[in-house]
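Novice: Here you go, one structure.
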Number of protein chains: 2
Amino acid sequence: MPRAGLDRATVVAAGAALADEAGLPGLTMGLLAQRLGVRTPSLYKHVDGLDDLLRRIAALALAEAGDAVGLAVRGRAGRDALAAAAHAFRAFVLAHPGRYASTVGQEPTGPDDPLAVGAGRMLDAFRSVLHGYEVPEPDTDHALRMLRSLCHGFATLESAHGFRWSADVDESFEWLIDFTDRGLRAM
Amino acid sequence: MPRAGLDRATVVAAGAALADEAGLPGLTMGLLAQRLGVRTPSLYKHVDGLDDLLRRIAALALAEAGDAVGLAVRGRAGRDALAAAAHAFRAFVLAHPGRYASTVGQEPTGPDDPLAVGAGRMLDAFRSVLHGYEVPEPDTDHALRMLRSLCHGFATLESAHGFRWSADVDESFEWLIDFTDRGLRAM
DNA sequence: CTCCTGTGGCTAAGGCTGTTAGCCACAAGC
DNA sequence: GCTTGTGGCTAACAGCCTTAGCCACAGGAG
């Protein structure tokens, strides 16, 4: 039997993909092994169990999301930057719901934890959005938390089919960006 | 051996309490049975399996949260109502994280589903908050979704220890209420 | 007061998880 | 060409949810 030639990065990437397709609870060691053409225990040669796998998927997701938002913001300012960041974030969560779901509730062990690095990169992207508005220094942390809560809440609820009634969801998102933009400009 | 005298409502209530204490993934049929002084299979006489239990816990949580927010809003208007609703919501999620977590991702089967009834009651409470502002009719749905995203996002992130850095979380929440109030009044 | 029935407990068992131990063969390096 | 480390494997176990089937208690009918 020839070796499958697996790799930690391959396993984590396949796990992330499976989480997106089957939902986070649908990500199981057995299913992942089967998809990689390998028996379940073999995964333990590359990953330290399910918890470790989830941590690594979360780190991957944060890095990817941070990159996406950072790239979207680049070269923009004010309302443009806000809209670009919000759209990039929402698009990422909708395209990768399982990946993103794995990030909530993960606590980084230290400042060098890839988890913390990825989170920091995304935070920086949102911080640069605020930089385009004249937000007083002591308020930036609060504003940052508001942006995060808003984006996280909206995208999470939408990906869980939490918006069931009539109005168009895209329209609501645009409205929400407008509302935030007006509020930030008025400071 | 005397009967334990269990009841569907008792089982659901104990399940909700256990979910709050041990976290939603910590709510297990075995643990719940043990806490009720009964063997695991006995629970199936009162509840149709774990999924059914989770649905009922979610319905209970929505009813309780809706009541709490509705009661907080009663007799208030404008900024007062907004602050009262937001605080009641956040307090509920922080006090009952497991209960609340069970509500996300549950889809009601029909308009008579207790799940839908509870969700509707909470929605009405927030709708009455908006009633105190002069929000144009076509915008109310969008504003409602914004309030929901903001409250859900903030409370969820906070209860998952998502706000790690320095600034005071209570202060951020007040800031966020202020920001929303100013935005709504300016419409 | 006695019997009958429904209900709410129980034991036993099966299929699914994640996980560990221990084996064995391939692939690369001296 | 041999040696060694590594990446597969099988076997096994604990814990989870769930079902089947039994049995004794509680309450109502006669």
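Scheme for the structure tokens: letters A, B, ... for chains in order shown; per-chain residue numbers from 1; ligand numbers from 1 in order shown.
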Using only C-alpha atoms, which residues of chain A come within 6 Å of chain B, and what is the closest atom pair for each, with the distance in Å to one decimal? Give it as JSON lines, sorted by chain and residue number.
Specialist:
```
{"residue": "A:Gly105", "atom": "CA", "partner": "B:Ala160", "partner_atom": "CA", "distance": 5.0}
{"residue": "A:His142", "atom": "CA", "partner": "B:Ser172", "partner_atom": "CA", "distance": 4.8}
{"residue": "A:Ser149", "atom": "CA", "partner": "B:Gly153", "partner_atom": "CA", "distance": 4.3}
{"residue": "A:Leu150", "atom": "CA", "partner": "B:Leu150", "partner_atom": "CA", "distance": 4.8}
{"residue": "A:His152", "atom": "CA", "partner": "B:Gly153", "partner_atom": "CA", "distance": 5.5}
{"residue": "A:Gly153", "atom": "CA", "partner": "B:Gly153", "partner_atom": "CA", "distance": 3.8}
{"residue": "A:Phe154", "atom": "CA", "partner": "B:Ser149", "partner_atom": "CA", "distance": 4.8}
{"residue": "A:Ala160", "atom": "CA", "partner": "B:Gly105", "partner_atom": "CA", "distance": 5.0}
{"residue": "A:Ser172", "atom": "CA", "partner": "B:His142", "partner_atom": "CA", "distance": 4.8}
{"residue": "A:Gly183", "atom": "CA", "partner": "B:Gly183", "partner_atom": "CA", "distance": 5.6}
```
Novice: Skipping near chain neighbours, those fewer than 2 positions away, what residues fall within 10 Å of A:Asp67 using only C-alpha atoms (C1' of nucleotides), listed as a ChimeraX atom specification?
Specialist: /A:61-65,69-73,88,118,121-122,125
Novice: Go ahead and save the residues from that selection, with C-alpha atoms, as a PDB file, in the first residue's frame.
Specialist:
```
ATOM      1  CA  ALA A  61      -9.629  31.053   9.228  1.00  0.00           C
ATOM      2  CA  LEU A  62      -8.517  34.135  11.143  1.00  0.00           C
ATOM      3  CA  ALA A  63      -5.463  34.523   8.924  1.00  0.00           C
ATOM      4  CA  GLU A  64      -7.551  34.185   5.773  1.00  0.00           C
ATOM      5  CA  ALA A  65     -10.284  36.511   6.996  1.00  0.00           C
ATOM      6  CA  VAL A  69     -10.454  42.328   5.053  1.00  0.00           C
ATOM      7  CA  GLY A  70      -6.999  43.893   4.991  1.00  0.00           C
ATOM      8  CA  LEU A  71      -6.796  43.582   1.225  1.00  0.00           C
ATOM      9  CA  ALA A  72     -10.273  45.024   0.779  1.00  0.00           C
ATOM     10  CA  VAL A  73      -9.447  48.077   2.863  1.00  0.00           C
ATOM     11  CA  ALA A  88     -15.257  41.277   2.728  1.00  0.00           C
ATOM     12  CA  GLY A 118      -4.543  36.214  12.842  1.00  0.00           C
ATOM     13  CA  ARG A 121      -4.326  41.219  11.673  1.00  0.00           C
ATOM     14  CA  MET A 122      -8.071  41.447  11.300  1.00  0.00           C
ATOM     15  CA  ALA A 125      -7.752  46.096   9.264  1.00  0.00           C
TER      16      ALA A 125
END
```
Novice: For chain A, report every residue with an atom at most 12 Å from chain D (counting only C-alpha atoms (C1' of nucleotides)), formatted as a list in words.
Specialist: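 The selection requested is Met1, Pro2, Arg3, Ala4, Gly5, Leu6, Asp7, Arg8, Gly37, Val38, Arg39, Thr40, Pro41, Ser42, Leu43, Tyr44, Lys45 and His46 of chain A.
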Novice: Atoms to include: N, CA and C atoms. Write the selected residues as a PDB file, in the first residue's frame.
Specialist:
```
ATOM      1  N   MET A   1       0.843  -1.220   0.000  1.00  0.00           N
ATOM      2  CA  MET A   1       0.000   0.000   0.000  1.00  0.00           C
ATOM      3  C   MET A   1       0.870   1.260   0.000  1.00  0.00           C
ATOM      4  N   PRO A   2       0.742   2.078  -1.022  1.00  0.00           N
ATOM      5  CA  PRO A   2       1.593   3.282  -1.102  1.00  0.00           C
ATOM      6  C   PRO A   2       1.171   4.296  -0.062  1.00  0.00           C
ATOM      7  N   ARG A   3       2.075   5.076   0.376  1.00  0.00           N
ATOM      8  CA  ARG A   3       1.761   6.096   1.375  1.00  0.00           C
ATOM      9  C   ARG A   3       0.886   7.184   0.776  1.00  0.00           C
ATOM     10  N   ALA A   4       0.055   7.735   1.622  1.00  0.00           N
ATOM     11  CA  ALA A   4      -0.843   8.783   1.142  1.00  0.00           C
ATOM     12  C   ALA A   4      -0.105  10.114   1.024  1.00  0.00           C
ATOM     13  N   GLY A   5       1.023  10.223   1.732  1.00  0.00           N
ATOM     14  CA  GLY A   5       1.805  11.451   1.639  1.00  0.00           C
ATOM     15  C   GLY A   5       1.096  12.652   2.247  1.00  0.00           C
ATOM     16  N   LEU A   6       0.487  12.420   3.387  1.00  0.00           N
ATOM     17  CA  LEU A   6      -0.234  13.517   4.031  1.00  0.00           C
ATOM     18  C   LEU A   6       0.740  14.484   4.690  1.00  0.00           C
ATOM     19  N   ASP A   7       0.151  15.540   5.213  1.00  0.00           N
ATOM     20  CA  ASP A   7       0.931  16.662   5.702  1.00  0.00           C
ATOM     21  C   ASP A   7       0.041  17.417   6.688  1.00  0.00           C
ATOM     22  N   ARG A   8       0.625  18.025   7.689  1.00  0.00           N
ATOM     23  CA  ARG A   8      -0.214  18.745   8.646  1.00  0.00           C
ATOM     24  C   ARG A   8      -1.063  19.813   7.949  1.00  0.00           C
ATOM     25  N   GLY A  37      -8.632   9.573   2.228  1.00  0.00           N
ATOM     26  CA  GLY A  37      -8.216   8.238   1.781  1.00  0.00           C
ATOM     27  C   GLY A  37      -7.328   7.516   2.765  1.00  0.00           C
ATOM     28  N   VAL A  38      -7.686   7.640   4.057  1.00  0.00           N
ATOM     29  CA  VAL A  38      -6.808   7.158   5.109  1.00  0.00           C
ATOM     30  C   VAL A  38      -7.679   6.672   6.255  1.00  0.00           C
ATOM     31  N   ARG A  39      -7.163   5.824   7.128  1.00  0.00           N
ATOM     32  CA  ARG A  39      -7.931   5.390   8.290  1.00  0.00           C
ATOM     33  C   ARG A  39      -7.819   6.423   9.410  1.00  0.00           C
ATOM     34  N   THR A  40      -8.857   6.445  10.244  1.00  0.00           N
ATOM     35  CA  THR A  40      -8.934   7.502  11.257  1.00  0.00           C
ATOM     36  C   THR A  40      -7.660   7.681  12.086  1.00  0.00           C
ATOM     37  N   PRO A  41      -7.105   6.626  12.657  1.00  0.00           N
ATOM     38  CA  PRO A  41      -5.971   6.853  13.570  1.00  0.00           C
ATOM     39  C   PRO A  41      -4.772   7.498  12.893  1.00  0.00           C
ATOM     40  N   SER A  42      -4.684   7.381  11.583  1.00  0.00           N
ATOM     41  CA  SER A  42      -3.539   7.970  10.878  1.00  0.00           C
ATOM     42  C   SER A  42      -3.504   9.490  11.025  1.00  0.00           C
ATOM     43  N   LEU A  43      -4.664  10.088  11.201  1.00  0.00           N
ATOM     44  CA  LEU A  43      -4.694  11.547  11.333  1.00  0.00           C
ATOM     45  C   LEU A  43      -3.893  12.014  12.546  1.00  0.00           C
ATOM     46  N   TYR A  44      -3.827  11.137  13.557  1.00  0.00           N
ATOM     47  CA  TYR A  44      -3.156  11.522  14.800  1.00  0.00           C
ATOM     48  C   TYR A  44      -1.647  11.649  14.622  1.00  0.00           C
ATOM     49  N   LYS A  45      -1.133  11.232  13.486  1.00  0.00           N
ATOM     50  CA  LYS A  45       0.286  11.453  13.198  1.00  0.00           C
ATOM     51  C   LYS A  45       0.554  12.888  12.784  1.00  0.00           C
ATOM     52  N   HIS A  46      -0.515  13.599  12.396  1.00  0.00           N
ATOM     53  CA  HIS A  46      -0.330  14.961  11.879  1.00  0.00           C
ATOM     54  C   HIS A  46      -0.969  16.011  12.765  1.00  0.00           C
TER      55      HIS A  46
END
```
Novice: For chain C, which residues have at least one atom within 9 Å of chain B, if we go by only C-alpha atoms (C1' of nucleotides)? Write them as a VMD selection string, please.
Specialist: chain C and resid 8 to 10
Novice: Going by DSSP on the backbone, which bits of chain B are alpha helix (DSSP H)? Write them as a PyMOL selection string, please.
Specialist: chain B and resi 8-22+29-35+50-73+78-95+97-101+114-131+140-159+169-185
Novice: Kindly give the distance, in Å, that separates atom CA of B:Ala101 and atom CA of B:Leu18, rounded to a single decimal.
Specialist: 12.6 Å
Novice: Quick one: pull the distance between atom CA of B:Arg76 and atom CA of B:Phe92, Å, one decimal.
Specialist: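 Atom-to-atom, atom CA of B:Arg76 and atom CA of B:Phe92 are spaced 19.2 Å apart.
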Novice: Quick one: everything within 8 Å of stretch 17-22 of chain C, counting only C-alpha atoms (C1' of nucleotides), minus sequence neighbours fewer than 2 positions away in the same chain. Send it as a PyMOL selection string.
Specialist: (chain A and resi 29+49-50) or (chain D and resi 16)
Novice: Export, as a PDB file, in the first residue's frame, the selected residues with N, CA, C and O atoms (P, O5', C5', C4', C3', O3' and C1' of nucleotides).
Specialist:
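Written file, result.pdb:
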```
ATOM      1  N   MET A  29     -13.511  13.195  12.812  1.00  0.00           N
ATOM      2  CA  MET A  29     -12.229  12.596  12.462  1.00  0.00           C
ATOM      3  C   MET A  29     -12.417  11.488  11.431  1.00  0.00           C
ATOM      4  O   MET A  29     -11.646  11.353  10.486  1.00  0.00           O
ATOM      5  N   GLY A  49      -5.311  15.411  17.792  1.00  0.00           N
ATOM      6  CA  GLY A  49      -6.691  15.211  18.205  1.00  0.00           C
ATOM      7  C   GLY A  49      -7.606  16.278  17.642  1.00  0.00           C
ATOM      8  O   GLY A  49      -7.166  17.227  16.993  1.00  0.00           O
ATOM      9  N   LEU A  50      -8.896  16.123  17.902  1.00  0.00           N
ATOM     10  CA  LEU A  50      -9.903  17.013  17.317  1.00  0.00           C
ATOM     11  C   LEU A  50      -9.761  18.450  17.813  1.00  0.00           C
ATOM     12  O   LEU A  50      -9.874  19.395  17.029  1.00  0.00           O
TER      13      LEU A  50
ATOM     14  P    DC D  16     -20.147  10.505  28.605  1.00  0.00           P
ATOM     15  O5'  DC D  16     -21.052  10.541  27.287  1.00  0.00           O
ATOM     16  C5'  DC D  16     -20.764  11.497  26.277  1.00  0.00           C
ATOM     17  C4'  DC D  16     -21.429  11.099  24.978  1.00  0.00           C
ATOM     18  C3'  DC D  16     -22.922  10.881  25.093  1.00  0.00           C
ATOM     19  O3'  DC D  16     -23.613  12.108  24.905  1.00  0.00           O
ATOM     20  C1'  DC D  16     -21.886   9.216  23.712  1.00  0.00           C
TER      21       DC D  16
END
```
Novice: With distances taken over only C-alpha atoms, which residue among B:His87, B:Arg79, B:Arg99, B:Arg35 lies nearest B:Val129?
Specialist: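 So, comparing all the options, the nearest one is B:Arg79.
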Novice: Please, what distance in Å, to one decimal, runs between atom CA of B:Pro136 and atom CA of A:Gly132?
Specialist: 29.1 Å
